[in-house]
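Novice: Contents of work-v4.txt (compact mmCIF, C-alpha atoms):
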```
# COMPACT_ATOMS: atom_id res chain seq x y z
CA MET A 1 -150.12 -109.33 -18.84
CA LEU A 2 -150.73 -109.77 -22.53
CA GLU A 3 -147.08 -109.42 -23.46
CA ALA A 4 -146.08 -112.27 -21.16
CA HIS A 5 -148.53 -114.72 -22.69
CA PRO A 6 -146.61 -117.00 -25.06
CA SER A 7 -149.40 -117.53 -27.60
CA VAL A 8 -149.86 -113.82 -28.19
CA ASP A 9 -146.38 -112.97 -29.38
CA ARG A 10 -146.07 -115.96 -31.71
CA ILE A 11 -147.79 -116.45 -35.03
CA PRO A 12 -149.32 -119.93 -35.32
CA ILE A 13 -148.06 -122.17 -38.15
CA LEU A 14 -150.62 -124.70 -39.41
CA ARG A 15 -149.97 -127.76 -41.46
CA VAL A 16 -152.38 -128.30 -44.34
CA GLY A 17 -151.50 -131.29 -46.52
CA LYS A 18 -147.97 -130.81 -47.86
CA ALA A 19 -148.00 -127.12 -47.08
CA LEU A 20 -147.59 -124.92 -44.05
CA VAL A 21 -150.04 -122.08 -43.62
CA VAL A 22 -149.10 -118.92 -41.76
CA SER A 23 -151.85 -116.41 -41.25
CA ILE A 24 -150.75 -113.09 -39.86
CA GLN A 25 -153.85 -111.67 -38.18
CA VAL A 26 -152.28 -108.97 -36.03
CA ASP A 27 -149.97 -106.06 -36.66
CA LEU A 28 -146.58 -107.67 -36.73
CA SER A 29 -144.09 -106.44 -34.14
CA ASP A 30 -140.36 -106.76 -34.83
CA GLN A 31 -139.99 -109.53 -32.21
CA MET A 32 -142.93 -111.44 -33.62
CA ALA A 33 -141.45 -111.27 -37.11
CA MET A 34 -138.09 -112.57 -35.83
CA ALA A 35 -139.82 -115.38 -33.91
CA LEU A 36 -141.89 -116.27 -36.96
CA GLN A 37 -138.76 -116.51 -39.08
CA ASP A 38 -137.17 -118.94 -36.58
CA ASP A 39 -140.32 -121.01 -36.07
CA LEU A 40 -141.08 -121.29 -39.74
CA THR A 41 -137.53 -122.28 -40.70
CA ARG A 42 -137.52 -125.00 -38.06
CA LYS A 43 -140.99 -126.21 -38.96
CA ILE A 44 -140.25 -126.50 -42.68
CA VAL A 45 -137.23 -128.68 -41.93
CA SER A 46 -138.96 -130.79 -39.26
CA THR A 47 -142.13 -131.44 -41.27
CA GLY A 48 -140.49 -131.59 -44.68
CA ALA A 49 -143.16 -129.24 -45.97
CA ARG A 50 -143.06 -128.55 -49.71
CA GLY A 51 -145.11 -125.40 -49.74
CA VAL A 52 -145.58 -122.33 -47.56
CA LEU A 53 -148.57 -120.03 -47.74
CA ILE A 54 -148.26 -116.71 -45.95
CA ASP A 55 -151.56 -114.86 -45.59
CA ILE A 56 -151.11 -111.17 -44.87
CA SER A 57 -154.65 -110.02 -45.64
CA ALA A 58 -155.06 -108.60 -42.14
CA LEU A 59 -151.83 -106.63 -42.33
CA ASP A 60 -152.48 -103.00 -43.15
CA LEU A 61 -149.26 -101.41 -41.99
CA VAL A 62 -145.75 -102.35 -42.99
CA ASP A 63 -142.51 -100.55 -42.29
CA SER A 64 -139.18 -101.26 -43.94
CA PHE A 65 -138.20 -103.78 -41.26
CA ILE A 66 -141.38 -105.84 -41.55
CA GLY A 67 -141.17 -105.59 -45.33
CA ARG A 68 -137.61 -106.89 -45.23
CA MET A 69 -138.60 -109.68 -42.79
CA LEU A 70 -141.46 -110.82 -45.03
CA SER A 71 -139.09 -110.85 -47.95
CA ASN A 72 -136.50 -112.81 -45.91
CA ILE A 73 -139.01 -115.32 -44.54
CA ALA A 74 -140.27 -116.03 -48.03
CA ALA A 75 -136.72 -116.29 -49.41
CA ILE A 76 -135.65 -118.70 -46.63
CA ALA A 77 -138.64 -120.93 -47.35
CA ARG A 78 -137.65 -120.96 -51.00
CA VAL A 79 -134.06 -121.92 -50.15
CA LEU A 80 -135.47 -124.86 -48.17
CA ASP A 81 -137.20 -125.99 -51.38
CA ALA A 82 -140.68 -125.00 -50.35
CA VAL A 83 -142.86 -123.20 -52.87
CA THR A 84 -143.72 -119.94 -51.17
CA VAL A 85 -146.84 -117.93 -51.89
CA VAL A 86 -147.70 -114.65 -50.21
CA VAL A 87 -151.45 -114.04 -50.42
CA GLY A 88 -153.94 -111.30 -49.72
CA MET A 89 -151.64 -108.32 -49.78
CA ARG A 90 -153.58 -105.08 -49.47
CA PRO A 91 -153.15 -102.33 -52.06
CA GLN A 92 -151.58 -99.91 -49.57
CA VAL A 93 -149.11 -102.54 -48.41
CA ALA A 94 -148.17 -103.35 -52.01
CA ILE A 95 -147.57 -99.66 -52.74
CA THR A 96 -145.48 -99.29 -49.59
CA LEU A 97 -143.32 -102.31 -50.42
CA VAL A 98 -142.74 -101.04 -53.97
CA GLU A 99 -141.84 -97.58 -52.67
CA LEU A 100 -139.41 -99.25 -50.27
CA GLY A 101 -137.88 -101.06 -53.23
CA LEU A 102 -138.86 -104.54 -51.99
CA LYS A 103 -140.19 -106.55 -54.87
CA LEU A 104 -140.14 -109.99 -53.19
CA THR A 105 -138.32 -111.31 -56.25
CA GLY A 106 -138.75 -115.03 -56.77
CA ILE A 107 -141.72 -115.24 -54.48
CA ARG A 108 -145.15 -116.01 -55.81
CA THR A 109 -148.17 -114.00 -54.90
CA ALA A 110 -151.89 -114.60 -55.12
CA LEU A 111 -155.01 -112.65 -54.40
CA ASP A 112 -156.43 -114.96 -51.76
CA ALA A 113 -155.60 -118.16 -49.84
CA ASP A 114 -157.69 -120.31 -52.17
CA ARG A 115 -155.71 -119.31 -55.25
CA GLY A 116 -152.50 -119.50 -53.23
CA LEU A 117 -153.09 -123.15 -52.34
CA GLU A 118 -153.94 -123.85 -55.96
CA ILE A 119 -150.59 -122.39 -57.03
CA ILE A 120 -148.74 -124.53 -54.46
CA ASN A 121 -150.56 -127.71 -55.52
CA ARG A 122 -149.96 -127.03 -59.20
CA ALA A 123 -146.26 -126.28 -58.61
CA LEU A 124 -145.84 -129.44 -56.53
CA SER A 125 -147.53 -131.67 -59.08
CA GLU A 126 -145.33 -130.14 -61.83
CA GLN A 127 -142.21 -130.80 -59.73
CA ASP A 128 -143.36 -134.37 -59.12
CA SER A 129 -143.98 -135.05 -62.79
CA ASP A 130 -140.57 -133.49 -63.65
CA GLY A 131 -138.99 -135.83 -61.12
CA ALA A 132 -140.81 -138.81 -62.64
CA ASP A 133 -139.53 -137.88 -66.09
CA GLY A 134 -135.93 -137.51 -64.91
CA MET B 1 -159.37 -38.76 -44.26
CA ALA B 2 -160.88 -37.52 -41.03
CA GLN B 3 -164.25 -38.50 -39.57
CA GLY B 4 -165.74 -35.24 -40.87
CA ASP B 5 -164.77 -36.12 -44.40
CA PHE B 6 -166.42 -39.53 -44.08
CA ASP B 7 -169.61 -37.85 -43.00
CA VAL B 8 -169.38 -35.50 -45.96
CA LEU B 9 -168.85 -38.40 -48.35
CA ALA B 10 -171.61 -40.51 -46.78
CA GLY B 11 -173.98 -37.54 -46.94
CA LEU B 12 -173.07 -36.87 -50.56
CA ILE B 13 -173.77 -40.47 -51.52
CA GLU B 14 -177.01 -40.56 -49.61
CA ARG B 15 -178.41 -37.34 -51.09
CA ASN B 16 -177.39 -38.08 -54.66
CA GLU B 17 -177.71 -41.86 -54.79
CA PRO B 18 -180.21 -42.09 -57.71
CA THR B 19 -178.21 -39.68 -59.92
CA LEU B 20 -174.93 -41.28 -58.98
CA ARG B 21 -176.29 -44.72 -59.75
CA ASP B 22 -177.77 -43.63 -63.07
CA GLU B 23 -174.48 -42.13 -64.17
CA TRP B 24 -172.62 -45.19 -62.97
CA MET B 25 -175.02 -47.43 -64.93
CA ALA B 26 -174.45 -45.26 -67.99
CA ALA B 27 -170.68 -45.57 -67.54
CA LEU B 28 -171.02 -49.35 -67.14
CA ARG B 29 -173.16 -49.60 -70.26
CA SER B 30 -170.74 -47.56 -72.33
CA ALA B 31 -167.83 -49.66 -71.00
CA GLY B 32 -169.64 -52.68 -72.44
CA ALA B 33 -170.73 -54.42 -69.21
CA LEU B 34 -173.84 -55.71 -70.98
CA ARG B 35 -172.16 -56.48 -74.28
CA THR B 36 -171.76 -60.22 -73.76
CA GLY B 37 -175.44 -60.48 -72.94
CA GLN B 38 -174.88 -62.67 -69.91
CA PHE B 39 -176.25 -59.99 -67.59
CA SER B 40 -179.50 -58.22 -68.21
CA ASP B 41 -179.94 -54.52 -67.51
CA THR B 42 -182.13 -55.37 -64.51
CA GLU B 43 -179.50 -57.64 -63.01
CA LEU B 44 -176.88 -54.96 -63.40
CA ALA B 45 -179.25 -52.41 -61.79
CA GLN B 46 -179.80 -54.86 -58.95
CA GLN B 47 -176.04 -55.24 -58.45
CA THR B 48 -175.38 -51.50 -58.52
CA ARG B 49 -178.25 -50.87 -56.09
CA SER B 50 -176.87 -53.37 -53.58
CA PHE B 51 -173.40 -51.98 -54.07
CA MET B 52 -174.54 -48.40 -53.35
CA ARG B 53 -176.33 -49.58 -50.22
CA GLU B 54 -173.23 -51.34 -48.92
CA LEU B 55 -171.02 -48.42 -49.93
CA ARG B 56 -173.14 -45.99 -47.95
CA ALA B 57 -173.13 -48.27 -44.92
CA GLY B 58 -169.39 -48.83 -45.20
CA VAL B 59 -168.48 -45.18 -45.58
CA SER B 60 -170.60 -44.09 -42.64
CA SER B 61 -168.75 -46.62 -40.47
CA GLY B 62 -165.76 -44.26 -40.75
CA THR B 63 -163.08 -46.54 -42.14
CA ILE B 64 -161.84 -47.34 -45.63
CA ASP B 65 -160.05 -50.46 -44.49
CA ILE B 66 -162.21 -52.94 -46.37
CA GLU B 67 -160.85 -55.86 -44.32
CA ASP B 68 -162.72 -54.25 -41.40
CA GLU B 69 -165.83 -55.83 -39.88
CA ALA B 70 -167.94 -52.90 -41.17
CA TRP B 71 -167.29 -53.94 -44.79
CA ILE B 72 -168.15 -57.61 -44.39
CA THR B 73 -171.42 -57.49 -46.35
CA MET B 74 -169.71 -55.47 -49.09
CA ARG B 75 -167.02 -58.15 -49.31
CA GLN B 76 -169.70 -60.82 -49.66
CA LEU B 77 -171.47 -58.82 -52.35
CA LEU B 78 -168.23 -58.34 -54.31
CA GLY B 79 -167.52 -62.04 -53.82
CA ASP B 80 -170.80 -62.95 -55.50
CA ILE B 81 -170.29 -60.43 -58.28
CA SER B 82 -166.75 -61.50 -59.17
CA ARG B 83 -167.61 -65.20 -58.83
CA SER B 84 -170.50 -64.96 -61.27
CA ARG B 85 -168.32 -62.98 -63.69
CA ALA B 86 -165.41 -65.42 -63.40
CA LEU B 87 -167.71 -68.37 -64.13
CA GLN B 88 -169.25 -66.61 -67.13
CA GLY B 89 -165.84 -66.00 -68.63
CA TYR B 90 -165.50 -62.25 -68.14
CA SER B 91 -161.96 -60.89 -68.45
CA PRO B 92 -160.26 -59.48 -65.33
CA THR B 93 -160.55 -55.97 -66.79
CA GLU B 94 -164.28 -56.30 -67.37
CA THR B 95 -164.73 -57.56 -63.82
CA ALA B 96 -162.66 -54.79 -62.26
CA MET B 97 -164.41 -52.16 -64.43
CA PHE B 98 -167.61 -52.83 -62.49
CA VAL B 99 -166.09 -51.03 -59.51
CA PHE B 100 -163.69 -48.67 -61.26
CA SER B 101 -166.32 -47.14 -63.52
CA LEU B 102 -167.88 -45.64 -60.40
CA LYS B 103 -164.91 -43.26 -60.13
CA GLU B 104 -165.91 -40.82 -62.81
CA PRO B 105 -169.49 -40.11 -61.66
CA MET B 106 -168.30 -40.10 -58.05
CA PHE B 107 -165.60 -37.48 -58.68
CA ALA B 108 -167.95 -35.39 -60.80
CA LEU B 109 -170.39 -35.40 -57.92
CA ILE B 110 -167.75 -34.46 -55.36
CA ARG B 111 -166.48 -31.65 -57.59
CA SER B 112 -169.89 -30.12 -58.13
CA GLU B 113 -170.92 -30.40 -54.48
CA LEU B 114 -167.70 -29.29 -52.82
CA ALA B 115 -166.55 -26.74 -55.40
CA ARG B 116 -166.33 -23.99 -52.80
CA ASP B 117 -164.23 -25.89 -50.27
CA ALA B 118 -160.97 -26.87 -51.96
CA GLU B 119 -159.38 -28.49 -48.92
CA SER B 120 -162.36 -30.66 -48.09
CA MET B 121 -162.70 -31.58 -51.76
CA GLY B 122 -159.08 -32.72 -51.86
CA ASN B 123 -159.51 -34.89 -48.78
CA VAL B 124 -162.75 -36.45 -49.92
CA VAL B 125 -161.45 -37.16 -53.43
CA TRP B 126 -158.35 -38.81 -51.99
CA GLY B 127 -160.47 -40.92 -49.61
CA ALA B 128 -162.90 -41.92 -52.32
CA THR B 129 -160.15 -42.87 -54.75
CA GLN B 130 -158.42 -45.01 -52.14
CA LEU B 131 -161.67 -46.71 -51.28
CA ILE B 132 -162.69 -47.45 -54.86
CA ASP B 133 -159.18 -48.70 -55.68
CA ARG B 134 -159.28 -51.11 -52.77
CA LEU B 135 -162.73 -52.39 -53.65
CA GLY B 136 -161.65 -52.81 -57.28
CA LEU B 137 -158.46 -54.66 -56.34
CA TYR B 138 -160.39 -56.86 -53.96
CA THR B 139 -162.78 -57.78 -56.77
CA THR B 140 -159.89 -58.66 -59.08
CA GLU B 141 -158.27 -60.74 -56.37
CA LEU B 142 -161.47 -62.70 -55.82
CA TYR B 143 -161.87 -63.11 -59.54
CA GLN B 144 -158.36 -64.53 -59.77
CA LYS B 145 -159.01 -66.90 -56.90
CA GLU B 146 -162.22 -68.11 -58.48
CA ARG B 147 -160.45 -68.75 -61.79
CA ASP B 148 -157.72 -70.68 -59.99
CA ASP B 149 -160.39 -72.81 -58.35
CA VAL B 150 -161.97 -73.50 -61.71
CA ILE B 151 -158.61 -74.55 -63.15
CA ALA B 152 -157.81 -76.75 -60.15
CA ARG B 153 -161.21 -78.42 -60.39
CA GLN B 154 -160.80 -79.05 -64.11
CA GLY B 155 -157.40 -80.55 -63.41
CA ARG B 156 -158.91 -82.92 -60.85
CA GLU B 157 -161.74 -83.86 -63.20
CA LEU B 158 -159.26 -84.53 -65.99
CA LEU B 159 -157.30 -86.77 -63.66
CA GLU B 160 -160.45 -88.69 -62.75
CA LEU B 161 -161.49 -89.01 -66.37
CA SER B 162 -158.15 -90.14 -67.65
CA THR B 163 -157.64 -93.14 -65.38
CA PRO B 164 -160.46 -95.62 -65.79
CA VAL B 165 -160.01 -99.27 -64.87
CA VAL B 166 -162.21 -101.51 -67.01
CA GLN B 167 -163.17 -105.09 -66.36
CA LEU B 168 -162.80 -106.92 -69.69
CA TRP B 169 -163.68 -110.43 -68.60
CA ALA B 170 -163.74 -112.52 -65.45
CA LYS B 171 -160.32 -112.13 -63.78
CA ILE B 172 -159.12 -109.72 -66.49
CA LEU B 173 -158.85 -105.95 -66.07
CA ALA B 174 -157.78 -103.34 -68.58
CA LEU B 175 -156.16 -100.01 -67.78
CA PRO B 176 -156.05 -97.74 -70.83
CA LEU B 177 -153.57 -94.99 -70.00
CA ILE B 178 -154.06 -91.68 -71.76
CA GLY B 179 -151.75 -88.71 -71.39
CA THR B 180 -148.42 -88.22 -69.69
CA LEU B 181 -147.64 -90.27 -66.61
CA ASP B 182 -146.30 -88.08 -63.83
CA SER B 183 -145.80 -89.08 -60.21
CA GLU B 184 -149.17 -87.80 -59.06
CA ARG B 185 -151.07 -89.64 -61.78
CA THR B 186 -149.07 -92.80 -61.29
CA GLN B 187 -150.06 -92.79 -57.65
CA ILE B 188 -153.75 -92.49 -58.57
CA VAL B 189 -153.49 -95.05 -61.37
CA MET B 190 -151.71 -97.46 -59.06
CA GLU B 191 -154.24 -97.13 -56.28
CA ARG B 192 -157.17 -97.48 -58.66
CA LEU B 193 -155.68 -100.53 -60.32
CA LEU B 194 -154.84 -102.28 -57.05
CA GLU B 195 -158.26 -101.59 -55.57
CA SER B 196 -159.95 -102.87 -58.72
CA ILE B 197 -157.79 -106.01 -58.62
CA VAL B 198 -159.10 -106.75 -55.12
CA GLU B 199 -162.71 -105.91 -56.03
CA ALA B 200 -162.79 -107.93 -59.24
CA GLY B 201 -160.55 -110.73 -58.00
CA ALA B 202 -158.49 -110.14 -61.12
CA GLU B 203 -155.46 -112.22 -62.04
CA ILE B 204 -154.34 -110.25 -65.06
CA ALA B 205 -154.24 -106.53 -65.73
CA ILE B 206 -153.64 -105.26 -69.25
CA ILE B 207 -151.99 -101.84 -69.25
CA ASP B 208 -152.56 -100.20 -72.61
CA ILE B 209 -150.16 -97.35 -73.32
CA SER B 210 -151.31 -96.38 -76.84
CA GLY B 211 -152.43 -93.05 -75.39
CA VAL B 212 -149.16 -92.25 -73.63
CA PRO B 213 -147.34 -89.69 -75.82
CA THR B 214 -143.79 -90.38 -74.65
CA VAL B 215 -142.03 -92.92 -72.52
CA ASP B 216 -138.89 -91.71 -70.80
CA THR B 217 -136.99 -93.21 -67.89
CA LEU B 218 -139.30 -91.57 -65.37
CA VAL B 219 -142.48 -92.86 -67.01
CA ALA B 220 -140.92 -96.32 -67.28
CA GLN B 221 -140.00 -96.13 -63.61
CA HIS B 222 -143.64 -95.36 -62.79
CA LEU B 223 -144.87 -98.22 -64.97
CA ILE B 224 -142.46 -100.62 -63.29
CA LYS B 225 -143.70 -99.54 -59.87
CA THR B 226 -147.31 -100.14 -60.85
CA ILE B 227 -146.50 -103.54 -62.33
CA SER B 228 -144.49 -104.59 -59.26
CA ALA B 229 -147.27 -103.53 -56.91
CA ALA B 230 -149.85 -105.47 -58.92
CA ARG B 231 -147.56 -108.49 -58.91
CA LEU B 232 -147.18 -108.30 -55.13
CA MET B 233 -150.94 -108.60 -54.88
CA GLY B 234 -150.96 -111.67 -57.06
CA ALA B 235 -151.96 -110.18 -60.41
CA ASP B 236 -149.79 -110.26 -63.54
CA CYS B 237 -149.56 -107.34 -65.91
CA ILE B 238 -149.37 -107.30 -69.69
CA ILE B 239 -148.41 -104.12 -71.51
CA SER B 240 -150.05 -103.42 -74.84
CA GLY B 241 -150.16 -100.66 -77.42
CA ILE B 242 -146.47 -99.85 -77.61
CA ARG B 243 -146.07 -97.57 -80.62
CA PRO B 244 -143.04 -97.89 -82.93
CA GLN B 245 -141.26 -94.76 -81.65
CA ILE B 246 -141.85 -95.80 -78.06
CA ALA B 247 -140.46 -99.29 -78.71
CA GLN B 248 -137.33 -97.62 -80.09
CA THR B 249 -137.08 -95.24 -77.15
CA ILE B 250 -137.44 -98.07 -74.65
CA VAL B 251 -134.60 -100.00 -76.27
CA HIS B 252 -132.36 -96.96 -76.79
CA LEU B 253 -132.75 -95.90 -73.16
CA GLY B 254 -131.91 -99.44 -72.08
CA LEU B 255 -135.11 -99.73 -70.06
CA ASP B 256 -136.17 -103.12 -68.83
CA LEU B 257 -139.88 -103.21 -68.10
CA ASP B 258 -139.57 -106.87 -67.09
CA VAL B 259 -143.08 -107.66 -68.29
CA VAL B 260 -144.82 -109.37 -71.20
CA SER B 261 -145.72 -106.87 -73.89
CA LYS B 262 -148.10 -107.28 -76.80
CA ALA B 263 -148.63 -105.09 -79.83
CA THR B 264 -152.35 -104.56 -79.42
CA MET B 265 -154.93 -104.78 -76.71
CA ALA B 266 -156.56 -107.66 -78.65
CA ASP B 267 -153.36 -109.74 -78.52
CA ALA B 268 -152.97 -109.00 -74.84
CA PHE B 269 -156.57 -110.00 -74.22
CA ALA B 270 -156.08 -113.28 -76.09
CA LEU B 271 -153.03 -114.05 -73.96
CA ALA B 272 -154.91 -113.11 -70.78
CA LEU B 273 -157.75 -115.48 -71.70
CA ARG B 274 -155.26 -118.26 -72.34
CA ARG B 275 -153.46 -117.67 -69.05
CA THR B 276 -156.66 -117.66 -67.03
CA GLY B 277 -157.87 -120.78 -68.87
CA GLN B 278 -160.87 -119.13 -70.49
CA THR B 279 -162.13 -119.06 -74.07
CA VAL B 280 -164.54 -116.97 -76.08
CA ASN B 281 -166.66 -118.92 -78.58
CA MET B 282 -168.77 -117.91 -81.54
CA ILE B 283 -172.44 -118.23 -80.68
CA GLY B 284 -173.03 -120.19 -83.91
CA SER B 285 -170.53 -122.94 -83.15
CA ALA B 286 -171.58 -123.09 -79.51
CA GLY B 287 -175.20 -123.45 -80.67
CA ARG B 288 -174.38 -126.39 -82.95
CA HIS B 289 -172.66 -128.26 -80.17
CA ALA B 290 -175.39 -127.61 -77.64
```
Output the file's structure in the form of structure tokens.

Specialist:
Amino acid sequence: MLEAHPSVDRIPILRVGKALVVSIQVDLSDQMAMALQDDLTRKIVSTGARGVLIDISALDLVDSFIGRMLSNIAAIARVLDAVTVVVGMRPQVAITLVELGLKLTGIRTALDADRGLEIINRALSEQDSDGADG
Amino acid sequence: MAQGDFDVLAGLIERNEPTLRDEWMAALRSAGALRTGQFSDTELAQQTRSFMRELRAGVSSGTIDIEDEAWITMRQLLGDISRSRALQGYSPTETAMFVFSLKEPMFALIRSELARDAESMGNVVWGATQLIDRLGLYTTELYQKERDDVIARQGRELLELSTPVVQLWAKILALPLIGTLDSERTQIVMERLLESIVEAGAEIAIIDISGVPTVDTLVAQHLIKTISAARLMGADCIISGIRPQIAQTIVHLGLDLDVVSKATMADAFALALRRTGQTVNMIGSAGRHA
């Protein structure tokens, strides 16, 4: 039974340097999105991660719930002081989110994972130098 | 019209076809069918010949319902005729006259042939007039449909033409908007822009609105949507080419585009280069350093 298998209904969260990388490679079900929100929140706190990269390049369908969840996940990460970058959004997904009125305010976006990591690294080094000054 | 009358009419047409066609051609010529010079006399003769053939076949089938199976080749013929006239810019009247000008020679023929039988003449005339009216109306209808198609196609082409996405430099796209932004166009512009962002790996898109005649709340709404969607994909937008009146309108309407705007495309391009960490050098100075 696919549904019963624990690894299938959870999105893996990888640690890469100071950042956590979440790559959503399947169509996100509501339960998976909820689980991801819990897992990611816990993981940010436990690892003290400073950046979160969410790759949604494989996502080609979003409904209002998933849109809202993505927005929430990214906002939670930001509250926990992690620079959040959503990368690889497809044109159709972007149009859908805009039509739904979700602008992911305060969340950074990038075209691909490479540029996303660059944004995180730059933001972290800026924060560090600000801290050094103050 | 009874079956007997159909036979009479079919027989009449068959026996007198050359005369009928000559008179019809004469009527067409005097009505100015050849005036525009787009059809030659031979082409017109060809069309009338085919028409007479189909008319004879149709009438002998015993029905004047031109939607009937028996009239299918006639419908195709009229389709070709009205299509070619619609494309060559004939007026609806000129197109319909092709069929209607057959009335006069046809009635003259019926009158001379059936002069002794008033009742039969009445029936046949009534049948013939109904038939020619239907054929004429059908032609006009087709003509109208063809014109509508032409207009729809031009509309689509205009839409295609008016929304180009241009790559200005590495990571920089430009979207010169020309004409009014309605919902349909915004959708197309948005899709084009987002697809081009992915293809070109662009980080900045310059939306130039010098060609947009007016900006009202709806247009602004559409612009905001496009900008938000581009931002979601990781590309920033810069708006350029805001004309004085439009700047005033935007402020008076209290619109917040929430985006960097520059006066000209050149300024926007300079900013885009700076943001993406690129420069453009004079060849001369580059040459000296090399």

Novice: CA of Arg153 in chain B and CA of Ser183 in chain B, how far apart in Å?

Specialist: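 Here the two named atoms are 18.7 Å from each other.
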
Novice: Set the cut-off to 10 Å and count only C-alpha atoms: what are the residues of chain A that reach chain B? Output as a compact mmCIF listing (two decimals) with C-alpha atoms, in the frame of the given file.

Specialist:
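The resulting result37.txt:
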```txt
# COMPACT_ATOMS: atom_id res chain seq x y z
CA VAL A 85 -146.84 -117.93 -51.89
CA VAL A 86 -147.70 -114.65 -50.21
CA VAL A 87 -151.45 -114.04 -50.42
CA GLY A 88 -153.94 -111.30 -49.72
CA MET A 89 -151.64 -108.32 -49.78
CA ARG A 90 -153.58 -105.08 -49.47
CA PRO A 91 -153.15 -102.33 -52.06
CA GLN A 92 -151.58 -99.91 -49.57
CA VAL A 93 -149.11 -102.54 -48.41
CA ALA A 94 -148.17 -103.35 -52.01
CA ILE A 95 -147.57 -99.66 -52.74
CA THR A 96 -145.48 -99.29 -49.59
CA LEU A 97 -143.32 -102.31 -50.42
CA VAL A 98 -142.74 -101.04 -53.97
CA GLU A 99 -141.84 -97.58 -52.67
CA GLY A 101 -137.88 -101.06 -53.23
CA LEU A 102 -138.86 -104.54 -51.99
CA LYS A 103 -140.19 -106.55 -54.87
CA LEU A 104 -140.14 -109.99 -53.19
CA THR A 105 -138.32 -111.31 -56.25
CA ILE A 107 -141.72 -115.24 -54.48
CA ARG A 108 -145.15 -116.01 -55.81
CA THR A 109 -148.17 -114.00 -54.90
CA ALA A 110 -151.89 -114.60 -55.12
CA LEU A 111 -155.01 -112.65 -54.40
CA ASP A 112 -156.43 -114.96 -51.76
CA ARG A 115 -155.71 -119.31 -55.25
CA GLY A 116 -152.50 -119.50 -53.23
```

Novice: In Å, with one decimal, what is the gap from CA of Leu271 in chain B to CA of Leu168 in chain B?

Specialist: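 Interatomic distance, CA of Leu271 in chain B to CA of Leu168 in chain B: 12.8 Å.
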
Novice: Contacts of Thr19 in chain B at 12 Å or less, counting only C-alpha atoms, minus same-chain residues fewer than 3 places along, as a ChimeraX atom specification?

Specialist: /B:12-16,22-26,49,52,102,105-106,108-109

Novice: Find the distance between CA of Ser40 in chain B and CA of Phe107 in chain B and write it in Å to one decimal.

Specialist: 26.7 Å

Novice: Which residues are close to range 39-56 of chain A, i.e. within 10 Å by all atoms listed in the file, leaving aside same-chain residues fewer than 2 positions away? Reply as a ChimeraX atom specification.

Specialist: /A:10-28,33-37,58-60,70,73-74,76-78,80-90,93,108-113,116-117,119-121,123-124

Novice: Can you pull out every residue within 10 Å of range 247-260 of chain B, counting all atoms listed in the file, but drop anything in the same chain fewer than 5 positions away, and send it as a ChimeraX atom specification?

Specialist: /B:206,214-217,220-221,223-225,227-228,236-242,268,271

Novice: Take the residues from that selection and put them in a file with C-alpha atoms, as a CSV table (one decimal), keeping the file's coordinate frame.

Specialist:
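Contents of the output file result.csv:
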```csv
chain,number,residue,atom,x,y,z
B,206,ILE,CA,-153.6,-105.3,-69.2
B,214,THR,CA,-143.8,-90.4,-74.6
B,215,VAL,CA,-142.0,-92.9,-72.5
B,216,ASP,CA,-138.9,-91.7,-70.8
B,217,THR,CA,-137.0,-93.2,-67.9
B,220,ALA,CA,-140.9,-96.3,-67.3
B,221,GLN,CA,-140.0,-96.1,-63.6
B,223,LEU,CA,-144.9,-98.2,-65.0
B,224,ILE,CA,-142.5,-100.6,-63.3
B,225,LYS,CA,-143.7,-99.5,-59.9
B,227,ILE,CA,-146.5,-103.5,-62.3
B,228,SER,CA,-144.5,-104.6,-59.3
B,236,ASP,CA,-149.8,-110.3,-63.5
B,237,CYS,CA,-149.6,-107.3,-65.9
B,238,ILE,CA,-149.4,-107.3,-69.7
B,239,ILE,CA,-148.4,-104.1,-71.5
B,240,SER,CA,-150.0,-103.4,-74.8
B,241,GLY,CA,-150.2,-100.7,-77.4
B,242,ILE,CA,-146.5,-99.8,-77.6
B,268,ALA,CA,-153.0,-109.0,-74.8
B,271,LEU,CA,-153.0,-114.0,-74.0
```
